[in-house]
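A.B. asks: One structure follows; several queries about it will come next.
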2 protein chains.
Amino acid sequence: MVYRRTHQVVKRLAARRSAILAAARETAAEGGMSAVQIAPVAIRANVAAGTVYRYFPSKADLISELIAEVSRDELAAVRRAADAAPGPSSALAAAVSTVAVHILSQRKLAWGILAEPVDVDVTASRIASRREIVGEIASRIDAAVRAGHLPAQDTQLAATALLGALHEALVGPLATENPDDPAKLRDTVQAVTLLALRAVGVMDARARGLVVQAVLPVRSLVGA
Amino acid sequence: MVYRRTHQVVKRLAARRSAILAAARETAAEGGMSAVQIAPVAIRANVAAGTVYRYFPSKADLISELIAEVSRDELAAVRRAADAAPGPSSALAAAVSTVAVHILSQRKLAWGILAEPVDVDVTASRIASRREIVGEIASRIDAAVRAGHLPAQDTQLAATALLGALHEALVGPLATENPDDPAKLRDTVQAVTLLALRAVGVMDARARGLVVQAVLPVRSLVGA
DNA sequence: TTCCTTCGTGAACAAGTGTTCAGTTCTTCC
DNA sequence: GGAAGAACTGAACACTTGTTCACGAAGGAA
C-alpha cells in the first residue's frame, strides 16, 4: 500500500538532480546561458526532457539554482582568501583579486551568471547573487575603513561599483580576447585589483604593494 | 514610365524613418529593450507592422541603429562637457560625471542600450557603442597621464572598468531604487565620480575638489 | 507473483513574435 | 485621366522552445 523510497532510490534521485544541475553548469560554462536549454541539458544529463521537470518546476528554477550554486562557491572562495589575509586592507585586496581570477578563469560562466540575456526571468537570483558578493566586499571595505586605512564612504555603493568594474573589464565585450598567456592574465588581474583598491581610497604606492601580495596566492588558479 | 521620388516624398520617407526610430527610443526609455517589439513600435509610429520592414531589414537593424543613435548623442555630450573643462583632470572628471548623469536620468534606456537582454543579436552595435564611450574616456585619461597628473597605466582597461563601475552602480539591479530626490542624485553622481577618479590614481583630496567642480555644470541635467 | 505507486519518456502542444506577402492605396508621369 | 510603379497594410505564417501528459518501465509492499 504505502510506497516508501528506499535509501538507494533516494540516492539515485539526488544523483540525478545533481547530474542535471551539473549538466546545466557545464553547458553554461561552454556556451553561456543561451546554450542552457532544456533539451541539450537533458541529453547531457542522460535523461529525457520531461524528466528535468520532475526535478525542477521550470527552467527559471533550474537556472536560479545554478546561479545560487555558482554564487555559493564564489562567495566561499572569496571568504577563504580574505580571511587568510593578515589585515583588513590585504583582505580587501585578496577578495577583489579572487573575484577577478574567478571571473577570468570562467568567463562565459561568469557572464552568464551575472549579466547574459536569458529568456526566463532570473532577476531575483541574480540580484541575490550580486548581493552576496557585494555584501562581502562591502564588509571588507568597511573593515578597512574602521581600521583607519580608508576614508569614510558609502561602502555598499563602492562595492557595487567595484564588482561592475571587474566585470566589465574582465568579461565585458571589450575585454581582450582570450589572453591565454598566464603572465598576461596575472597582469590583468593585478591591474584591475590596483584600480579597485585605489578607487576606495588606498594610496597608489601602498596599493601596488597590496596587489602583489594578494595575487601571489591565487597565481595557481589562473592556470586552472 | 520612370517613377522618381519627388522631394516631398523623400522628406516624408525620411520623416517616417525617424518616427519609427523615435518610437523605438521612447518605447525603450519607458519599458526597456524588451518592450521594443515591432508591433508596439509600429503603432506608436502610426504605421503598420509591415511598414517597419520597408525601413529596417530586421528588428536587429532597427535596434542597432537605435543603439548607435543614443550612443552618438551620449558621446557628443561627453565631448562637450570634457572640452569645456579647464584642464585634463577636470576634463576627465567632467566626462565621467556626464556619463553618470546621463545614465541616471535615463536609466531604462541606458540599461537597454548597454546590457539588457534582447532576443535578437545586437552585440556588434553594443560593442561599438561601448568602444566609443570607452575610447573617449580612455583618451581623457591618457591626456591626464601625459600631463603628469596620473600614473602610467593601461588606459583602455581603466576606461572599461570605469564604465562598468558607473553602470553597475547606477543602473545595476542593486542600484538604489529611483532616488527621485535631486540632492540624492547629485550625491550619487559625486560618489561614483570620486571613485572613478581615485581609481585611475587621482589623490583623494584633489579628486574631491575636481568632483565638486565637475558636477556643478551638470546639476541642471539631473533634474531633467 | 501481483498490485500499486513513483519515475521516466519523448512526441505533441502552446504561446509569443519576428517576418512575409497578396492585396490596397497613394504617387508620379504622360 | 489613366497606366505603372512604389509604398503601405495587417492578417497569416514560421519558427523556436518551454512545458505537458498519456503511456510504459521500474521499484516496493504483500
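In the C-alpha cells, each chain is lettered A, B, ... as it comes, each chain's residues begin at 1, and ligands are numbered from 1 in order of appearance.
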Could you produce a table of the residues of chain A lying within 12 Å of chain C, with the nearest pair of atoms per residue and their separation in Å rounded to one decimal, using only C-alpha atoms (C1' of nucleotides), ordered by chain and increasing residue number, as a tab-separated table?
C.D. replies:
```
residue	atom	partner	partner_atom	distance
A:Met1	CA	C:DC4	C1'	6.6
A:Val2	CA	C:DT5	C1'	8.0
A:Tyr3	CA	C:DT5	C1'	6.0
A:Arg4	CA	C:DT5	C1'	9.0
A:Arg5	CA	C:DT6	C1'	8.9
A:Thr6	CA	C:DT6	C1'	11.8
A:Val9	CA	C:DC7	C1'	10.2
A:Val10	CA	C:DC7	C1'	11.8
A:Arg12	CA	C:DC7	C1'	11.1
A:Leu13	CA	C:DC7	C1'	9.5
A:Arg16	CA	C:DC7	C1'	11.7
A:Ala39	CA	C:DG10	C1'	10.6
A:Ala42	CA	C:DG10	C1'	11.6
A:Ile43	CA	C:DG10	C1'	11.9
A:Asn46	CA	C:DG8	C1'	11.2
A:Val47	CA	C:DG8	C1'	8.0
A:Ala48	CA	C:DT9	C1'	6.1
A:Ala49	CA	C:DG10	C1'	7.4
A:Gly50	CA	C:DT9	C1'	6.9
A:Thr51	CA	C:DG8	C1'	6.2
A:Val52	CA	C:DG8	C1'	9.9
A:Tyr53	CA	C:DG8	C1'	10.7
A:Arg54	CA	C:DC7	C1'	8.6
A:Tyr55	CA	C:DC7	C1'	11.0
A:Asp119	CA	C:DG16	C1'	11.6
```
A.B. asks: Selection from above, C-alpha atoms, as an mmCIF file, in the first residue's frame, can you write it?
C.D. replies:
```
data_model
loop_
_atom_site.group_PDB
_atom_site.id
_atom_site.type_symbol
_atom_site.label_atom_id
_atom_site.label_comp_id
_atom_site.auth_asym_id
_atom_site.auth_seq_id
_atom_site.Cartn_x
_atom_site.Cartn_y
_atom_site.Cartn_z
ATOM 1 C CA MET A 1 0.000 0.000 0.000
ATOM 2 C CA VAL A 2 2.413 2.570 1.264
ATOM 3 C CA TYR A 3 5.230 3.227 -1.084
ATOM 4 C CA ARG A 4 8.336 4.454 0.592
ATOM 5 C CA ARG A 5 11.527 5.476 -1.116
ATOM 6 C CA THR A 6 14.290 3.146 -0.239
ATOM 7 C CA VAL A 9 16.293 5.336 -4.633
ATOM 8 C CA VAL A 10 16.751 8.499 -2.648
ATOM 9 C CA ARG A 12 19.660 7.859 -7.177
ATOM 10 C CA LEU A 13 17.212 10.716 -7.274
ATOM 11 C CA ARG A 16 20.080 12.653 -10.971
ATOM 12 C CA ALA A 39 16.673 19.664 -24.379
ATOM 13 C CA ALA A 42 18.636 16.794 -20.591
ATOM 14 C CA ILE A 43 20.712 14.996 -23.196
ATOM 15 C CA ASN A 46 21.290 11.406 -19.850
ATOM 16 C CA VAL A 47 17.631 11.968 -19.171
ATOM 17 C CA ALA A 48 14.615 12.919 -21.229
ATOM 18 C CA ALA A 49 13.402 16.475 -21.451
ATOM 19 C CA GLY A 50 10.332 15.679 -19.411
ATOM 20 C CA THR A 51 12.459 14.290 -16.597
ATOM 21 C CA VAL A 52 14.006 17.652 -15.977
ATOM 22 C CA TYR A 53 10.567 18.808 -14.931
ATOM 23 C CA ARG A 54 10.393 16.108 -12.284
ATOM 24 C CA TYR A 55 13.291 17.829 -10.567
ATOM 25 C CA ASP A 119 14.715 34.123 -21.903
#
```
A.B. asks: Could you list, as a PDB file with N, CA and C atoms, in the first residue's frame, every residue within 10 Å of Val200 in chain A, counting only C-alpha atoms (C1' of nucleotides) and ignoring same-chain residues fewer than 4 positions away?
C.D. replies:
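The result, stored in selection12.pdb:
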```pdb
ATOM      1  N   ILE A 141      35.519  46.340   2.849  1.00  0.00           N
ATOM      2  CA  ILE A 141      35.848  47.774   2.754  1.00  0.00           C
ATOM      3  C   ILE A 141      35.573  48.430   4.104  1.00  0.00           C
ATOM      4  N   ALA A 144      38.242  47.902   6.541  1.00  0.00           N
ATOM      5  CA  ALA A 144      39.422  48.726   6.258  1.00  0.00           C
ATOM      6  C   ALA A 144      39.182  50.176   6.669  1.00  0.00           C
ATOM      7  N   VAL A 145      37.938  50.632   6.467  1.00  0.00           N
ATOM      8  CA  VAL A 145      37.600  51.993   6.875  1.00  0.00           C
ATOM      9  C   VAL A 145      37.702  52.116   8.398  1.00  0.00           C
ATOM     10  N   LEU A 150      41.167  53.528   5.169  1.00  0.00           N
ATOM     11  CA  LEU A 150      40.460  54.140   4.033  1.00  0.00           C
ATOM     12  C   LEU A 150      39.579  55.272   4.524  1.00  0.00           C
ATOM     13  N   PRO A 151      39.296  56.231   3.652  1.00  0.00           N
ATOM     14  CA  PRO A 151      38.372  57.306   4.030  1.00  0.00           C
ATOM     15  C   PRO A 151      36.949  56.764   4.154  1.00  0.00           C
ATOM     16  N   ALA A 152      36.151  57.434   4.961  1.00  0.00           N
ATOM     17  CA  ALA A 152      34.747  57.043   5.116  1.00  0.00           C
ATOM     18  C   ALA A 152      34.053  57.170   3.765  1.00  0.00           C
ATOM     19  N   GLN A 153      33.127  56.254   3.494  1.00  0.00           N
ATOM     20  CA  GLN A 153      32.437  56.286   2.202  1.00  0.00           C
ATOM     21  C   GLN A 153      31.219  55.374   2.231  1.00  0.00           C
ATOM     22  N   ASP A 154      30.434  55.475   1.193  1.00  0.00           N
ATOM     23  CA  ASP A 154      29.280  54.589   1.031  1.00  0.00           C
ATOM     24  C   ASP A 154      29.810  53.242   0.543  1.00  0.00           C
ATOM     25  N   THR A 155      30.008  52.342   1.487  1.00  0.00           N
ATOM     26  CA  THR A 155      30.704  51.098   1.123  1.00  0.00           C
ATOM     27  C   THR A 155      29.864  50.205   0.206  1.00  0.00           C
ATOM     28  N   ALA A 158      30.319  51.590  -3.194  1.00  0.00           N
ATOM     29  CA  ALA A 158      31.686  51.322  -3.642  1.00  0.00           C
ATOM     30  C   ALA A 158      31.849  49.864  -4.070  1.00  0.00           C
ATOM     31  N   ALA A 159      31.313  48.973  -3.253  1.00  0.00           N
ATOM     32  CA  ALA A 159      31.439  47.548  -3.575  1.00  0.00           C
ATOM     33  C   ALA A 159      30.709  47.224  -4.874  1.00  0.00           C
ATOM     34  N   ALA A 161      30.186  49.237  -7.342  1.00  0.00           N
ATOM     35  CA  ALA A 161      30.993  49.790  -8.437  1.00  0.00           C
ATOM     36  C   ALA A 161      32.186  48.895  -8.735  1.00  0.00           C
ATOM     37  N   LEU A 162      32.803  48.398  -7.687  1.00  0.00           N
ATOM     38  CA  LEU A 162      33.966  47.523  -7.885  1.00  0.00           C
ATOM     39  C   LEU A 162      33.577  46.278  -8.669  1.00  0.00           C
ATOM     40  N   LEU A 195      43.278  49.157  -9.646  1.00  0.00           N
ATOM     41  CA  LEU A 195      42.223  50.150  -9.884  1.00  0.00           C
ATOM     42  C   LEU A 195      41.200  50.122  -8.758  1.00  0.00           C
ATOM     43  N   ALA A 196      40.812  48.930  -8.385  1.00  0.00           N
ATOM     44  CA  ALA A 196      39.773  48.791  -7.361  1.00  0.00           C
ATOM     45  C   ALA A 196      40.243  49.344  -6.021  1.00  0.00           C
TER      46      ALA A 196
ATOM     47  N   LEU B 194      33.872  60.298  -7.780  1.00  0.00           N
ATOM     48  CA  LEU B 194      35.020  60.268  -6.878  1.00  0.00           C
ATOM     49  C   LEU B 194      35.719  58.910  -6.946  1.00  0.00           C
ATOM     50  N   LEU B 195      34.936  57.862  -6.894  1.00  0.00           N
ATOM     51  CA  LEU B 195      35.501  56.514  -7.000  1.00  0.00           C
ATOM     52  C   LEU B 195      36.296  56.371  -8.296  1.00  0.00           C
ATOM     53  N   ALA B 196      35.711  56.848  -9.366  1.00  0.00           N
ATOM     54  CA  ALA B 196      36.344  56.704 -10.679  1.00  0.00           C
ATOM     55  C   ALA B 196      37.667  57.456 -10.743  1.00  0.00           C
ATOM     56  N   ARG B 198      39.600  58.412  -8.275  1.00  0.00           N
ATOM     57  CA  ARG B 198      40.607  57.780  -7.427  1.00  0.00           C
ATOM     58  C   ARG B 198      41.131  56.495  -8.068  1.00  0.00           C
ATOM     59  N   ALA B 199      40.239  55.793  -8.732  1.00  0.00           N
ATOM     60  CA  ALA B 199      40.644  54.520  -9.344  1.00  0.00           C
ATOM     61  C   ALA B 199      41.799  54.704 -10.318  1.00  0.00           C
ATOM     62  N   ASP B 204      43.050  61.500  -3.239  1.00  0.00           N
ATOM     63  CA  ASP B 204      41.751  61.711  -2.618  1.00  0.00           C
ATOM     64  C   ASP B 204      41.378  63.200  -2.503  1.00  0.00           C
TER      65      ASP B 204
END
```
A.B. asks: Tell me, in Å to one decimal, how far CA of Leu114 in chain B is from CA of Asp61 in chain B.
C.D. replies: 15.9 Å
A.B. asks: Residues of chain A within 10 Å of chain B, counting only C-alpha atoms - could you list those as a short mmCIF file (atom, residue, chain, number, x, y, z; two decimals) with N, CA and C atoms, in the first residue's frame?
C.D. replies:
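Generated file (selection-v8.cif):
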```
data_model
loop_
_atom_site.label_atom_id
_atom_site.label_comp_id
_atom_site.auth_asym_id
_atom_site.auth_seq_id
_atom_site.Cartn_x
_atom_site.Cartn_y
_atom_site.Cartn_z
N ALA A 115 25.08 38.52 -16.09
CA ALA A 115 24.53 39.53 -16.99
C ALA A 115 23.98 39.03 -18.31
N GLU A 116 24.25 37.82 -18.68
CA GLU A 116 23.83 37.44 -20.03
C GLU A 116 22.31 37.33 -20.16
N PRO A 117 21.81 37.78 -21.29
CA PRO A 117 20.39 37.65 -21.58
C PRO A 117 19.89 36.23 -21.39
N VAL A 118 18.80 36.08 -20.69
CA VAL A 118 18.16 34.78 -20.56
C VAL A 118 16.68 34.96 -20.90
N ASP A 119 16.10 33.95 -21.48
CA ASP A 119 14.71 34.12 -21.90
C ASP A 119 13.72 33.99 -20.76
N THR A 123 15.96 37.35 -12.59
CA THR A 123 16.41 38.57 -11.96
C THR A 123 16.63 38.39 -10.47
N ALA A 124 15.67 37.75 -9.82
CA ALA A 124 15.74 37.61 -8.37
C ALA A 124 17.03 36.91 -7.93
N ARG A 126 19.71 36.52 -9.61
CA ARG A 126 20.89 37.31 -9.98
C ARG A 126 21.13 38.40 -8.96
N ILE A 127 20.07 39.06 -8.55
CA ILE A 127 20.21 40.10 -7.55
C ILE A 127 20.76 39.50 -6.27
N ALA A 128 20.24 38.35 -5.90
CA ALA A 128 20.72 37.70 -4.68
C ALA A 128 22.20 37.38 -4.81
N ARG A 130 24.46 38.82 -6.72
CA ARG A 130 25.24 40.05 -6.60
C ARG A 130 25.30 40.50 -5.16
N ARG A 131 24.15 40.46 -4.51
CA ARG A 131 24.09 40.98 -3.15
C ARG A 131 25.08 40.25 -2.25
N VAL A 134 28.64 41.45 -3.32
CA VAL A 134 28.78 42.87 -2.99
C VAL A 134 28.82 43.04 -1.47
N PRO A 151 39.30 56.23 3.65
CA PRO A 151 38.37 57.31 4.03
C PRO A 151 36.95 56.76 4.15
N GLN A 153 33.13 56.25 3.49
CA GLN A 153 32.44 56.29 2.20
C GLN A 153 31.22 55.37 2.23
N ASP A 154 30.43 55.48 1.19
CA ASP A 154 29.28 54.59 1.03
C ASP A 154 29.81 53.24 0.54
N GLN A 156 28.57 50.28 0.36
CA GLN A 156 27.71 49.48 -0.50
C GLN A 156 27.86 49.93 -1.96
N LEU A 157 27.79 51.22 -2.14
CA LEU A 157 27.95 51.78 -3.48
C LEU A 157 29.32 51.44 -4.05
N ALA A 158 30.32 51.59 -3.19
CA ALA A 158 31.69 51.32 -3.64
C ALA A 158 31.85 49.86 -4.07
N ALA A 159 31.31 48.97 -3.25
CA ALA A 159 31.44 47.55 -3.57
C ALA A 159 30.71 47.22 -4.87
N THR A 160 29.54 47.82 -5.05
CA THR A 160 28.80 47.60 -6.29
C THR A 160 29.61 48.07 -7.49
N ALA A 161 30.19 49.24 -7.34
CA ALA A 161 30.99 49.79 -8.44
C ALA A 161 32.19 48.89 -8.74
N LEU A 162 32.80 48.40 -7.69
CA LEU A 162 33.97 47.52 -7.89
C LEU A 162 33.58 46.28 -8.67
N LEU A 163 32.47 45.68 -8.27
CA LEU A 163 32.04 44.47 -8.96
C LEU A 163 31.77 44.78 -10.44
N GLY A 164 31.12 45.90 -10.69
CA GLY A 164 30.85 46.30 -12.07
C GLY A 164 32.13 46.51 -12.86
N ALA A 165 33.09 47.13 -12.20
CA ALA A 165 34.36 47.40 -12.88
C ALA A 165 35.06 46.10 -13.24
N LEU A 166 35.14 45.20 -12.28
CA LEU A 166 35.78 43.91 -12.53
C LEU A 166 35.10 43.21 -13.69
N HIS A 167 33.81 43.22 -13.61
CA HIS A 167 33.04 42.51 -14.59
C HIS A 167 33.22 43.03 -15.99
N GLU A 168 33.01 44.29 -16.12
CA GLU A 168 33.11 44.90 -17.45
C GLU A 168 34.53 44.76 -17.99
N ALA A 169 35.50 44.96 -17.11
CA ALA A 169 36.89 44.92 -17.57
C ALA A 169 37.32 43.50 -17.94
N LEU A 170 36.71 42.51 -17.30
CA LEU A 170 37.22 41.15 -17.49
C LEU A 170 36.37 40.27 -18.40
N GLY A 172 33.41 41.75 -20.07
CA GLY A 172 32.64 42.60 -20.98
C GLY A 172 33.09 42.39 -22.41
N PRO A 173 32.29 42.80 -23.32
CA PRO A 173 32.55 42.61 -24.74
C PRO A 173 33.85 43.28 -25.18
N LEU A 174 34.32 44.20 -24.35
CA LEU A 174 35.54 44.90 -24.75
C LEU A 174 36.78 44.27 -24.15
N ALA A 175 36.55 43.30 -23.29
CA ALA A 175 37.70 42.65 -22.67
C ALA A 175 38.55 41.99 -23.75
N THR A 176 39.83 42.04 -23.53
CA THR A 176 40.74 41.46 -24.52
C THR A 176 40.36 40.00 -24.75
N THR A 188 46.66 41.38 -15.87
CA THR A 188 45.32 41.95 -15.92
C THR A 188 44.68 41.95 -14.54
N ALA A 191 46.19 44.62 -12.55
CA ALA A 191 45.76 45.96 -12.99
C ALA A 191 44.39 46.32 -12.45
N VAL A 192 43.45 45.39 -12.58
CA VAL A 192 42.09 45.72 -12.12
C VAL A 192 42.03 45.77 -10.59
N THR A 193 42.82 44.93 -9.94
CA THR A 193 42.84 44.99 -8.48
C THR A 193 43.39 46.34 -8.02
N LEU A 194 44.42 46.78 -8.70
CA LEU A 194 45.00 48.08 -8.37
C LEU A 194 43.97 49.19 -8.54
N LEU A 195 43.28 49.16 -9.65
CA LEU A 195 42.22 50.15 -9.88
C LEU A 195 41.20 50.12 -8.76
N ALA A 196 40.81 48.93 -8.39
CA ALA A 196 39.77 48.79 -7.36
C ALA A 196 40.24 49.34 -6.02
N LEU A 197 41.45 48.99 -5.65
CA LEU A 197 41.95 49.46 -4.36
C LEU A 197 42.08 50.98 -4.34
N ARG A 198 42.61 51.52 -5.43
CA ARG A 198 42.73 52.98 -5.46
C ARG A 198 41.36 53.63 -5.42
N ALA A 199 40.38 53.00 -6.07
CA ALA A 199 39.03 53.58 -6.12
C ALA A 199 38.48 53.82 -4.73
N VAL A 200 38.71 52.89 -3.84
CA VAL A 200 38.16 53.05 -2.49
C VAL A 200 39.08 53.88 -1.59
N GLY A 201 40.19 54.35 -2.14
CA GLY A 201 41.00 55.30 -1.40
C GLY A 201 42.34 54.82 -0.91
N VAL A 202 42.78 53.65 -1.36
CA VAL A 202 44.12 53.21 -0.99
C VAL A 202 45.12 54.03 -1.80
N MET A 203 46.14 54.52 -1.16
CA MET A 203 47.13 55.32 -1.87
C MET A 203 47.87 54.45 -2.89
N ASP A 204 48.26 55.07 -3.96
CA ASP A 204 48.86 54.35 -5.08
C ASP A 204 50.00 53.43 -4.64
#
```
A.B. asks: Set the cut-off to 12 Å and count only C-alpha atoms (C1' of nucleotides): what are the residues of chain D that reach chain A? Output as a list in words.
C.D. replies: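 Result: DT16, DT17, DG18, DT19, DT20, DC21, DA26, DG27, DG28, DA29 and DA30 of chain D.
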A.B. asks: Print the selection's residues with C-alpha atoms (C1' of nucleotides) to a file, as a compact mmCIF listing (two decimals), in the first residue's frame.
C.D. replies:
```txt
# COMPACT_ATOMS: atom_id res chain seq x y z
C1' DT D 16 11.82 28.49 -31.66
C1' DT D 17 11.44 26.46 -27.09
C1' DG D 18 9.47 25.73 -22.70
C1' DT D 19 6.06 22.68 -20.96
C1' DT D 20 2.68 18.93 -20.69
C1' DC D 21 0.83 14.29 -20.44
C1' DA D 26 10.87 0.17 -12.64
C1' DG D 27 10.65 -0.20 -7.69
C1' DG D 28 8.47 -1.51 -3.38
C1' DA D 29 4.94 -3.91 -0.39
C1' DA D 30 2.28 -8.26 0.48
```
A.B. asks: Figure out the distance between CA of Ala138 in chain A and CA of Ala76 in chain A, please, to one decimal in Å.
C.D. replies: 15.4 Å
A.B. asks: When DSSP works through the backbone of this structure, what residues of range 72-186 of chain B end up as alpha helix (DSSP H), shown as an NGL selection string?
C.D. replies: :B and (72-83 or 88-105 or 107-114 or 123-146 or 155-171 or 182-186)
A.B. asks: For Ala91 in chain B, which residue among B:Ile113, B:Ile137, B:Ile20, B:Leu62 is the nearest when counting only C-alpha atoms?
C.D. replies: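 The shortest atom-to-atom distance to Ala91 in chain B comes from B:Ile137.
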A.B. asks: As an exercise, work out the distance from CA of Leu92 in chain B to CA of Ala205 in chain B in Å and give it to one decimal place.
C.D. replies: 16.0 Å
